[in-house]
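Step one of this worksheet: look at the structure below.
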There are 2 protein chains.
Amino acid sequence: MKIAIAQLNYTIGAFDENYEKIVRAIRRARQEKANLVVFSELAICGYPPHDLLEYKHFVDKCEIYLQKVASECHGIAAIVGGPSVNPNAKGKNLFNSAYFMVNGAVQRIINKTLLPTYDIFDEYRYFEQNTEFSLVTYKGFNIAVTICEDLWYRQPLLTGYGRDRLYNVCPMDNLSVLCPDFVINIAASPFSYLQGEIKSGILTENTSRYKVPVFYVNQVGAHTELIFDGGSMVVNPTGIISRMRLFEEDFCVYDTDEVMTAKADAVTIPEQSEIALIHDALVMGIRDYFGKSGLKTAILGLSGGIDSAVTLVLAVRALGPTNLRALLMPSQYSSSHSVTDAVTLARNLGVRYDILDIRDIYGQYVQSMSPLFKDMPEDITEENIQARIRGNLLMAMSNKFGNLVLNTSNKSEAAVGYGTLYGDMSGSISVLGDVYKTEVYRLANYINKDHEIIPQNSVAKPPSAELRANQKDTDSLPEYAVLDIILFHYIELKKSAEEIAEMGFDPKVVEKTLSMVNHSEYKRFQTPPVLRISTKAFGPGRKMPLVAKY
Amino acid sequence: MKIAIAQLNYTIGAFDENYEKIVRAIRRARQEKANLVVFSELAICGYPPHDLLEYKHFVDKCEIYLQKVASECHGIAAIVGGPSVNPNAKGKNLFNSAYFMVNGAVQRIINKTLLPTYDIFDEYRYFEQNTEFSLVTYKGFNIAVTICEDLWYRQPLLTGYGRDRLYNVCPMDNLSVLCPDFVINIAASPFSYLQGEIKSGILTENTSRYKVPVFYVNQVGAHTELIFDGGSMVVNPTGIISRMRLFEEDFCVYDTDEVMTAKADAVTIPEQSEIALIHDALVMGIRDYFGKSGLKTAILGLSGGIDSAVTLVLAVRALGPTNLRALLMPSQYSSSHSVTDAVTLARNLGVRYDILDIRDIYGQYVQSMSPLFKDMPEDITEENIQARIRGNLLMAMSNKFGNLVLNTSNKSEAAVGYGTLYGDMSGSISVLGDVYKTEVYRLANYINKDHEIIPQNSVAKPPSAELRANQKDTDSLPEYAVLDIILFHYIELKKSAEEIAEMGFDPKVVEKTLSMVNHSEYKRFQTPPVLRISTKAFGPGRKMPLVAKY
């Protein structure tokens, strides 16, 4: 039997487009003599549709288009992800389902058992849990159809409780006793640079424990902040025997006989460094944010610093240099090399840039406010006014010329609240908001690996917001090499101040850092969506109370 | 037996304060001869603690303080809400629990069965579901201890599927067969102006079905956007026999014999109009946002329009006139009465106001940008610049004087994206963001019911953003009386365009309105938290994809 894996990039709610893509893949699979073609989780509407699932007309549309897809399934079977209505009187309205289609109709609907409801996942908000297990029989094969998390019963848990299983039911234990010939797993498993090995580990753990191959079909493409990396895999009890492309659509046909006898050590899976993966993920994240919104052009404030430089390079790679525009907005506090470094970068990339000095506008603010401020000393107010003038100018350019503003803040700044709300914290999408400052440096070096694209001066100089004379980030923050480790252990690993201090950090520095994180929740509440590359990004996957003492 | 209900206002994570409040109530209850005193859901840490529950040191703290509370329980028993660690190897880390304490120790832990995971609730993110049912025996009484949603098995479901139960298990069916003498329900049930009757209905449905009284203990107070109204109740099979105060802390002792024999028709429950409830809810929402953040003073932009006028009145009632400051920021497009109406209101309220004309700053922006804009015609860009100048000035005042900025946008505007991001959409907390424009008028009339506080001119004039000459809201929006009904049926009731048009609205107007709602998701993603008074507020309770076609 031949199985085709269609790794596609869907747009949420774009039923016509998604349907067309699916049907094209069905036709291609049939042409390439496949007996079955498999699509990813909730393929018909794209994953995650969020509260659109609470609108009955949206779910109705999913069903209509799934029926249309089924009517294409002649001479071939297909497995397509979509929501299905719970036929029981009790429980949630929907199941998260795999539709098995053959002979022009939906023949079976298989429902998801394990409903991830943590971090960015909220599936129990919409879906009822499956409790019945059976195999799909097709062409003499017994197939265990599973949906994403269903294979993740034995996932490693990062908790301090020494507990070992997130769920009470193991779908594969129930399916395995029915003796499947192979497992199909349709997934929408998001990228994180820490997750790659865990994902492979989970798949190989399943194949070796249950002595059965797994065809794992992942979604590819970005949906606002969530980046799905694709990388669909075929795994047998010896290990991974094929991995499809990362960050791109892909299509492959596999022969089950060959899959069952292949040896993993005879196969080379191309490897990419962590920083290359982050780079590619962010480029796809920008590209899809624009492409799926029907937009093409972007603008950003180019300061001469490393964050805006890296953001611009990533954006140029996603959208092309002619679709980018850079605005340089120096003030009296800008160092002379700020403008020259920014100009050099824009020229290196072939990006149009304009220089708009903010001193006159700033001066007018100071003058207009002087009757209210009288002779009160300058403080953070004046710094924020400058940052907000820049935000206002970028938004004005955006309004006038139709370019979306790219936010250039990094995760370290966002964590400690080192940024101005409505100023440098504004924009349509935050490109580096899940990238710690030390990783921004690694990205810059990766970008410059063959030749200098980002001026070395931008990489080498001490980081500064340049909002007052001789300001340096380290005036108010620990060195980023220290800061980022503290932040990672607090945000990603959820350690306490005591635990982090025990790693060898000054307890006062740790306390102060965590306090800054906790007290800037209100700022992060109002910032743009952040392209997610870690296991814990700011945004909907990290829900912290704003008004609270901790 | 005598049961005390302690309806208290907790602060999330403020263990010392919460502990002190609880212990004071235990002592008072003992003094007043109560045998048992009951506190609300997750009382020890405040509800909802969100992802703080993922930090082990936070949960450890809950347990330490619960033990401290237990050690106070001599000569009296207490039921206190808090998280507890799941002792089983499988499933989520925590239960949402009621701690039964007596003789100086925790004697029993009862866990929540129904875990709301919809709208603003996400309990399955943290908690495992209870599956075992038993009663607590104390002083010869058999007590069914339940937690909030546990009584909501038969809640009305707003779905188009004709399905009738959200959950598969009915806790009260399981507890009822054990013949309890009464039921205790510890809750954190948020206010919504549509929810009051539903809540009473659920309680009386339970008491009449199971022939047993219910002591319902609700949390009071606001936690960022969530407003808990208190209104704890004692209900027996004849109906509601006591309701405690709304929007305030309260404490009452009930005799179980009297509760069992009381007649509901002999009791008068004070009634408040819907608009009075909304008014009181918003005032408490502002007061707690500031009080629990340790802050006192606020500022807002006063335009002479109705939204900022109502916001100012509510804020004055929450914080006192001397803690408020108003900034009037007229431009060339401001009508002459805008300033006079705003000044009249500020004087009526005794609030300090300042006038800061934005024309010079605006003129400087236009001049600075002219090399880039050249002779392109004026458009929405120039309108947004004005709105953002005002946002910048308010934030500058906030930075300089330490007053938090109150957002004055209403729900109708927020819904259709009729507002400027980083301009009038900025602020610390949105007071009216869940109040439709037609309800803002009702609030204004309610405020003016005894004498004119808000100038009648602000109430009567046609709504306008005053960002260009002779602008009126109805230039680009339907009349609010029409708009708000369409919005309510789409947002709160989740109807489709077709269903709404069938109510008698022009299908084109409906299409255009829903399209405006769908296309301004990106703006709402970046706006301040919104005080929630409806069943569907913008914010974390309404998760819609930003990049999607629908």
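Residue names in the structure tokens use chain letters A, B, ... in the order shown, residue numbers from 1 in each chain, and ligand numbers from 1 in the order shown.
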Please run DSSP on the backbone and report, as a PyMOL selection string, all residues within segment 19-199 of chain A that come out as helix (DSSP H, G or I).
chain A and resi 19-31+50-54+56-70+123-125+148-151+171-176+196-199
Write a file of the selected residues as a short mmCIF file (atom, residue, chain, number, x, y, z; two decimals), in the first residue's frame, keeping N, CA and C atoms.
data_model
loop_
_atom_site.label_atom_id
_atom_site.label_comp_id
_atom_site.auth_asym_id
_atom_site.auth_seq_id
_atom_site.Cartn_x
_atom_site.Cartn_y
_atom_site.Cartn_z
N TYR A 19 -9.56 24.11 0.64
CA TYR A 19 -10.19 23.03 -0.13
C TYR A 19 -9.42 22.79 -1.43
N GLU A 20 -9.08 23.87 -2.12
CA GLU A 20 -8.35 23.73 -3.39
C GLU A 20 -7.01 23.02 -3.17
N LYS A 21 -6.30 23.44 -2.13
CA LYS A 21 -5.00 22.81 -1.83
C LYS A 21 -5.17 21.32 -1.56
N ILE A 22 -6.17 21.00 -0.78
CA ILE A 22 -6.39 19.60 -0.40
C ILE A 22 -6.74 18.78 -1.63
N VAL A 23 -7.61 19.31 -2.47
CA VAL A 23 -8.05 18.56 -3.65
C VAL A 23 -6.88 18.38 -4.63
N ARG A 24 -6.06 19.43 -4.78
CA ARG A 24 -4.89 19.28 -5.66
C ARG A 24 -3.99 18.16 -5.16
N ALA A 25 -3.82 18.08 -3.85
CA ALA A 25 -2.95 17.03 -3.30
C ALA A 25 -3.59 15.65 -3.47
N ILE A 26 -4.90 15.57 -3.38
CA ILE A 26 -5.57 14.28 -3.60
C ILE A 26 -5.33 13.82 -5.03
N ARG A 27 -5.48 14.74 -5.97
CA ARG A 27 -5.29 14.38 -7.38
C ARG A 27 -3.85 13.97 -7.66
N ARG A 28 -2.92 14.72 -7.09
CA ARG A 28 -1.52 14.37 -7.29
C ARG A 28 -1.22 12.99 -6.68
N ALA A 29 -1.76 12.74 -5.51
CA ALA A 29 -1.51 11.45 -4.83
C ALA A 29 -2.06 10.30 -5.69
N ARG A 30 -3.24 10.52 -6.25
CA ARG A 30 -3.83 9.47 -7.08
C ARG A 30 -2.97 9.22 -8.30
N GLN A 31 -2.49 10.32 -8.90
CA GLN A 31 -1.62 10.23 -10.06
C GLN A 31 -0.33 9.47 -9.74
N HIS A 50 -9.51 28.87 17.04
CA HIS A 50 -9.94 29.57 18.25
C HIS A 50 -11.48 29.63 18.33
N ASP A 51 -12.00 30.78 18.77
CA ASP A 51 -13.44 30.87 19.05
C ASP A 51 -14.32 30.87 17.80
N LEU A 52 -13.72 30.86 16.62
CA LEU A 52 -14.56 30.65 15.43
C LEU A 52 -15.30 29.33 15.59
N LEU A 53 -14.73 28.40 16.34
CA LEU A 53 -15.38 27.11 16.59
C LEU A 53 -16.66 27.26 17.41
N GLU A 54 -16.86 28.42 18.03
CA GLU A 54 -18.09 28.63 18.80
C GLU A 54 -19.22 29.16 17.90
N LYS A 56 -21.66 28.44 15.04
CA LYS A 56 -22.18 27.25 14.36
C LYS A 56 -22.01 27.36 12.84
N HIS A 57 -22.18 28.55 12.30
CA HIS A 57 -22.06 28.66 10.84
C HIS A 57 -20.64 28.36 10.37
N PHE A 58 -19.67 28.59 11.24
CA PHE A 58 -18.28 28.25 10.89
C PHE A 58 -18.10 26.73 10.86
N VAL A 59 -18.64 26.06 11.87
CA VAL A 59 -18.53 24.59 11.92
C VAL A 59 -19.33 23.97 10.76
N ASP A 60 -20.49 24.56 10.47
CA ASP A 60 -21.28 24.08 9.33
C ASP A 60 -20.45 24.14 8.04
N LYS A 61 -19.74 25.25 7.89
CA LYS A 61 -18.91 25.42 6.69
C LYS A 61 -17.83 24.35 6.62
N CYS A 62 -17.22 24.06 7.76
CA CYS A 62 -16.21 22.99 7.79
C CYS A 62 -16.83 21.70 7.25
N GLU A 63 -18.03 21.39 7.71
CA GLU A 63 -18.65 20.12 7.29
C GLU A 63 -18.98 20.12 5.81
N ILE A 64 -19.46 21.24 5.32
CA ILE A 64 -19.79 21.34 3.89
C ILE A 64 -18.54 21.10 3.04
N TYR A 65 -17.45 21.75 3.42
CA TYR A 65 -16.22 21.60 2.63
C TYR A 65 -15.61 20.21 2.79
N LEU A 66 -15.75 19.62 3.97
CA LEU A 66 -15.26 18.24 4.14
C LEU A 66 -16.04 17.29 3.23
N GLN A 67 -17.34 17.51 3.12
CA GLN A 67 -18.14 16.67 2.21
C GLN A 67 -17.68 16.86 0.76
N LYS A 68 -17.38 18.11 0.42
CA LYS A 68 -16.88 18.38 -0.94
C LYS A 68 -15.55 17.65 -1.19
N VAL A 69 -14.68 17.67 -0.18
CA VAL A 69 -13.41 16.95 -0.31
C VAL A 69 -13.68 15.46 -0.48
N ALA A 70 -14.60 14.94 0.34
CA ALA A 70 -14.90 13.50 0.28
C ALA A 70 -15.36 13.10 -1.12
N GLU A 123 -7.63 23.23 23.88
CA GLU A 123 -8.58 22.41 23.13
C GLU A 123 -9.80 21.99 23.94
N TYR A 124 -9.66 21.89 25.27
CA TYR A 124 -10.85 21.53 26.05
C TYR A 124 -11.85 22.68 26.10
N ARG A 125 -11.44 23.85 25.65
CA ARG A 125 -12.39 24.95 25.51
C ARG A 125 -13.49 24.60 24.50
N CYS A 148 -2.47 14.19 16.75
CA CYS A 148 -1.43 14.96 17.47
C CYS A 148 -1.19 14.47 18.90
N GLU A 149 -1.67 15.18 19.89
CA GLU A 149 -1.40 14.88 21.31
C GLU A 149 -1.66 13.42 21.69
N ASP A 150 -2.49 12.71 20.93
CA ASP A 150 -2.79 11.30 21.24
C ASP A 150 -1.51 10.46 21.39
N LEU A 151 -0.45 10.85 20.68
CA LEU A 151 0.81 10.10 20.82
C LEU A 151 1.69 10.65 21.95
N PRO A 171 -4.05 6.57 24.66
CA PRO A 171 -4.71 6.08 23.43
C PRO A 171 -3.96 4.93 22.78
N MET A 172 -2.64 5.00 22.74
CA MET A 172 -1.89 3.94 22.04
C MET A 172 -1.95 2.61 22.79
N ASP A 173 -2.05 2.63 24.11
CA ASP A 173 -2.25 1.37 24.84
C ASP A 173 -3.55 0.72 24.39
N ASN A 174 -4.57 1.54 24.21
CA ASN A 174 -5.88 1.01 23.80
C ASN A 174 -5.89 0.56 22.35
N LEU A 175 -5.17 1.28 21.51
CA LEU A 175 -5.16 0.94 20.08
C LEU A 175 -4.22 -0.24 19.81
N SER A 176 -3.15 -0.32 20.57
CA SER A 176 -2.13 -1.33 20.34
C SER A 176 -2.68 -2.75 20.51
N GLY A 196 12.43 20.18 19.02
CA GLY A 196 12.73 19.26 17.93
C GLY A 196 13.09 17.86 18.40
N GLU A 197 14.03 17.76 19.33
CA GLU A 197 14.45 16.45 19.81
C GLU A 197 13.37 15.76 20.61
N ILE A 198 12.61 16.56 21.34
CA ILE A 198 11.51 15.98 22.13
C ILE A 198 10.51 15.33 21.20
N LYS A 199 10.20 16.01 20.09
CA LYS A 199 9.24 15.50 19.13
C LYS A 199 9.72 14.18 18.51
#
Near chain B, 6 Å: chain A residue rows, closest pairs, only C-alpha atoms, as a tab-separated table:
residue	atom	partner	partner_atom	distance
A:Ile12	CA	B:Ala548	CA	4.7
A:Gly13	CA	B:Lys549	CA	4.9
A:Ala14	CA	B:Lys549	CA	5.2
A:His50	CA	B:Met544	CA	5.7
A:Asp51	CA	B:Met544	CA	5.5
A:Tyr55	CA	B:Lys494	CA	5.7
A:Ala89	CA	B:Arg163	CA	5.3
A:Lys90	CA	B:Arg165	CA	4.6
A:Gly91	CA	B:Leu166	CA	4.4
A:Lys92	CA	B:Leu166	CA	5.3
A:Thr117	CA	B:Arg125	CA	5.0
A:Tyr118	CA	B:Arg125	CA	5.2
A:Arg125	CA	B:Thr117	CA	5.0
A:Arg163	CA	B:Ala89	CA	5.2
A:Arg165	CA	B:Lys90	CA	4.6
A:Leu166	CA	B:Gly91	CA	4.4
A:Tyr167	CA	B:Gly91	CA	4.4
A:Asn168	CA	B:Gly91	CA	5.4
A:Thr224	CA	B:Val547	CA	5.5
A:Ser293	CA	B:Val547	CA	5.8
A:Ile361	CA	B:Gln364	CA	5.7
A:Gln364	CA	B:Ile361	CA	5.7
A:Thr381	CA	B:Asn399	CA	5.1
A:Ala396	CA	B:Thr381	CA	5.5
A:Asn399	CA	B:Thr381	CA	5.1
A:Lys400	CA	B:Thr381	CA	5.7
A:Tyr422	CA	B:Tyr422	CA	5.2
A:Lys494	CA	B:Tyr55	CA	5.8
A:Gln526	CA	B:Gln526	CA	4.1
A:Thr527	CA	B:Gln526	CA	5.4
A:Lys543	CA	B:Asp51	CA	5.5
A:Met544	CA	B:Asp51	CA	5.4
A:Val547	CA	B:Thr224	CA	5.5
A:Ala548	CA	B:Ile12	CA	4.7
A:Lys549	CA	B:Gly13	CA	4.9
A:Tyr550	CA	B:Gly13	CA	5.6
Could those selected residues go to a file with C-alpha atoms, as a compact mmCIF listing (two decimals), in the first residue's frame?
# COMPACT_ATOMS: atom_id res chain seq x y z
CA ILE A 12 -7.58 29.86 9.03
CA GLY A 13 -11.12 30.16 7.72
CA ALA A 14 -10.05 30.33 4.06
CA HIS A 50 -9.94 29.57 18.25
CA ASP A 51 -13.44 30.87 19.05
CA TYR A 55 -19.90 29.94 15.72
CA ALA A 89 -26.59 14.91 24.31
CA LYS A 90 -23.88 15.60 26.89
CA GLY A 91 -20.43 17.15 26.76
CA LYS A 92 -18.82 19.80 24.60
CA THR A 117 -4.94 22.56 27.38
CA TYR A 118 -1.76 24.29 28.48
CA ARG A 125 -12.39 24.95 25.51
CA ARG A 163 4.41 13.34 38.71
CA ARG A 165 1.66 11.69 33.25
CA LEU A 166 -0.51 14.61 32.22
CA TYR A 167 -3.42 12.39 31.17
CA ASN A 168 -5.29 9.43 32.62
CA THR A 224 -0.27 35.03 13.65
CA SER A 293 -3.36 39.06 5.68
CA ILE A 361 8.63 67.67 17.38
CA GLN A 364 7.37 71.37 20.62
CA THR A 381 8.77 61.14 31.02
CA ALA A 396 1.70 57.84 10.38
CA ASN A 399 -1.35 54.96 7.59
CA LYS A 400 -0.18 57.10 4.67
CA TYR A 422 2.88 52.96 22.47
CA LYS A 494 9.21 28.29 36.08
CA GLN A 526 -0.90 45.66 25.24
CA THR A 527 1.93 44.67 22.93
CA LYS A 543 -1.48 34.10 31.24
CA MET A 544 -0.37 36.03 34.29
CA VAL A 547 -3.36 43.09 39.33
CA ALA A 548 -1.76 40.77 41.85
CA LYS A 549 1.01 40.58 44.41
CA TYR A 550 3.78 38.16 43.58
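In terms of minimum interatomic distance to Ala266 of chain B, B:Gly239 ranks closest within B:Pro478, B:Gly285, B:Pro321, B:Gly239, counting only C-alpha atoms.
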Strand (DSSP E or B) per DSSP on the backbone: members of segment 368-545 of chain B, as a list in words:
Leu404, Val405, Leu406, Asn407, Ile429, Ser430 and Val530 of chain B
Residues as selected, N, CA and C atoms, written as a PDB file, in the first residue's frame, can you do that?
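Result file is part_30.pdb:
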ATOM      1  N   LEU B 404      -2.483  57.005  36.683  1.00  0.00           N
ATOM      2  CA  LEU B 404      -2.743  56.051  35.603  1.00  0.00           C
ATOM      3  C   LEU B 404      -3.776  56.628  34.638  1.00  0.00           C
ATOM      4  N   VAL B 405      -3.587  56.339  33.349  1.00  0.00           N
ATOM      5  CA  VAL B 405      -4.517  56.837  32.338  1.00  0.00           C
ATOM      6  C   VAL B 405      -5.734  55.906  32.236  1.00  0.00           C
ATOM      7  N   LEU B 406      -6.910  56.475  32.328  1.00  0.00           N
ATOM      8  CA  LEU B 406      -8.140  55.706  32.114  1.00  0.00           C
ATOM      9  C   LEU B 406      -8.517  55.768  30.647  1.00  0.00           C
ATOM     10  N   ASN B 407      -8.765  54.615  30.072  1.00  0.00           N
ATOM     11  CA  ASN B 407      -9.248  54.557  28.691  1.00  0.00           C
ATOM     12  C   ASN B 407     -10.741  54.843  28.680  1.00  0.00           C
ATOM     13  N   ILE B 429      -6.624  50.852  32.007  1.00  0.00           N
ATOM     14  CA  ILE B 429      -7.796  49.999  32.129  1.00  0.00           C
ATOM     15  C   ILE B 429      -8.912  50.664  31.325  1.00  0.00           C
ATOM     16  N   SER B 430      -9.665  49.856  30.611  1.00  0.00           N
ATOM     17  CA  SER B 430     -10.786  50.379  29.837  1.00  0.00           C
ATOM     18  C   SER B 430     -12.045  50.255  30.671  1.00  0.00           C
ATOM     19  N   VAL B 530     -10.296  45.250  29.780  1.00  0.00           N
ATOM     20  CA  VAL B 530     -11.636  45.841  29.729  1.00  0.00           C
ATOM     21  C   VAL B 530     -12.465  45.323  30.906  1.00  0.00           C
TER      22      VAL B 530
END
When distances are computed from only C-alpha atoms, which of A:Ala318, A:Leu324, A:Ile110, A:Ser242 shows the smallest separation from Glu258 of chain A?
A:Ser242
Pairwise distance for atom CA of Arg468 of chain A and atom CA of Ile299 of chain B, rounded to one decimal in Å
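It comes out at 26.3 Å.
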Neighbour list for Leu42 of chain B as a count of residues only, cut-off 9 Å, only C-alpha atoms, skip fewer than 4 positions in-chain:
14
Residue contacts of His337 of chain B (9 Å, only C-alpha atoms) excluding same-chain residues fewer than 3 positions away, as a list in words
Gly304, Ser334, Thr340, Asp341, Ala342, Asn457 and Ser458 of chain B
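Residues in contact with segment 267-279 of chain B at 9 Å, where only C-alpha atoms are counted and same-chain residues fewer than 6 positions away are skipped, are listed as B:Ser192, B:Tyr193, B:Leu194, B:Ile240, B:Ile241, B:Ser242, B:Arg243, B:Leu246, B:Leu314, B:Val435, B:Glu439, B:Arg442, B:Leu443, B:Tyr446, B:Ile447, B:Ile533.
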Mind writing the picked residues with N, CA and C atoms as a PDB file, in the first residue's frame?
ATOM      1  N   SER B 192     -22.197  39.484  35.499  1.00  0.00           N
ATOM      2  CA  SER B 192     -22.564  39.961  34.178  1.00  0.00           C
ATOM      3  C   SER B 192     -23.997  40.422  34.306  1.00  0.00           C
ATOM      4  N   TYR B 193     -24.346  41.505  33.639  1.00  0.00           N
ATOM      5  CA  TYR B 193     -25.691  42.042  33.824  1.00  0.00           C
ATOM      6  C   TYR B 193     -26.753  41.101  33.294  1.00  0.00           C
ATOM      7  N   LEU B 194     -26.337  40.111  32.511  1.00  0.00           N
ATOM      8  CA  LEU B 194     -27.292  39.142  31.982  1.00  0.00           C
ATOM      9  C   LEU B 194     -27.357  37.882  32.841  1.00  0.00           C
ATOM     10  N   ILE B 240     -35.094  31.621  47.285  1.00  0.00           N
ATOM     11  CA  ILE B 240     -34.011  32.384  47.925  1.00  0.00           C
ATOM     12  C   ILE B 240     -34.507  32.949  49.245  1.00  0.00           C
ATOM     13  N   ILE B 241     -33.820  32.650  50.330  1.00  0.00           N
ATOM     14  CA  ILE B 241     -34.278  33.204  51.606  1.00  0.00           C
ATOM     15  C   ILE B 241     -33.325  34.252  52.165  1.00  0.00           C
ATOM     16  N   SER B 242     -32.182  34.414  51.548  1.00  0.00           N
ATOM     17  CA  SER B 242     -31.297  35.515  51.941  1.00  0.00           C
ATOM     18  C   SER B 242     -30.288  35.774  50.835  1.00  0.00           C
ATOM     19  N   ARG B 243     -30.056  37.043  50.582  1.00  0.00           N
ATOM     20  CA  ARG B 243     -28.967  37.380  49.660  1.00  0.00           C
ATOM     21  C   ARG B 243     -28.097  38.437  50.299  1.00  0.00           C
ATOM     22  N   LEU B 246     -24.238  43.144  47.365  1.00  0.00           N
ATOM     23  CA  LEU B 246     -23.592  43.122  46.063  1.00  0.00           C
ATOM     24  C   LEU B 246     -22.444  44.133  46.068  1.00  0.00           C
ATOM     25  N   LEU B 314     -17.708  57.863  36.890  1.00  0.00           N
ATOM     26  CA  LEU B 314     -17.490  56.560  37.532  1.00  0.00           C
ATOM     27  C   LEU B 314     -16.171  56.556  38.303  1.00  0.00           C
ATOM     28  N   VAL B 435     -19.175  48.210  27.443  1.00  0.00           N
ATOM     29  CA  VAL B 435     -20.467  48.905  27.519  1.00  0.00           C
ATOM     30  C   VAL B 435     -20.782  49.469  26.137  1.00  0.00           C
ATOM     31  N   GLU B 439     -25.804  51.788  25.852  1.00  0.00           N
ATOM     32  CA  GLU B 439     -25.775  51.608  27.312  1.00  0.00           C
ATOM     33  C   GLU B 439     -25.031  52.760  27.991  1.00  0.00           C
ATOM     34  N   ARG B 442     -27.541  55.216  28.624  1.00  0.00           N
ATOM     35  CA  ARG B 442     -28.364  54.840  29.788  1.00  0.00           C
ATOM     36  C   ARG B 442     -27.614  55.128  31.087  1.00  0.00           C
ATOM     37  N   LEU B 443     -26.297  54.874  31.076  1.00  0.00           N
ATOM     38  CA  LEU B 443     -25.490  55.192  32.260  1.00  0.00           C
ATOM     39  C   LEU B 443     -25.509  56.693  32.528  1.00  0.00           C
ATOM     40  N   TYR B 446     -28.754  57.633  34.001  1.00  0.00           N
ATOM     41  CA  TYR B 446     -28.815  57.129  35.377  1.00  0.00           C
ATOM     42  C   TYR B 446     -28.018  58.038  36.312  1.00  0.00           C
ATOM     43  N   ILE B 447     -26.846  58.483  35.837  1.00  0.00           N
ATOM     44  CA  ILE B 447     -26.013  59.388  36.638  1.00  0.00           C
ATOM     45  C   ILE B 447     -26.715  60.724  36.852  1.00  0.00           C
ATOM     46  N   ILE B 533     -18.599  43.332  32.026  1.00  0.00           N
ATOM     47  CA  ILE B 533     -19.951  43.369  32.618  1.00  0.00           C
ATOM     48  C   ILE B 533     -20.942  42.540  31.819  1.00  0.00           C
TER      49      ILE B 533
END
Give me the residues near segment 33-35 of chain A as a PyMOL selection string, where near means some atom within 12 Å (using only C-alpha atoms) and where sequence neighbours in that chain fewer than 2 positions away do not count.
chain A and resi 1-6+25-31+37-38+73-79+101-103+138-141+251-256
Between atom CA of Ala315 of chain B and atom CA of Asp280 of chain B, distance in Å (one decimal):
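Distance reported for this atom pair: 11.2 Å.
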Surrounding residues of Ser338 of chain A excluding itself and chain neighbours under 3 positions, 12 Å, only C-alpha atoms, as a PyMOL selection string
chain A and resi 301-306+308-309+328-335+341-345+355+455+457-459+461+463-466
Atom CA of Gln129 of chain B and atom CA of Phe182 of chain B are how many Å apart?
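A separation of 22.8 Å between them.
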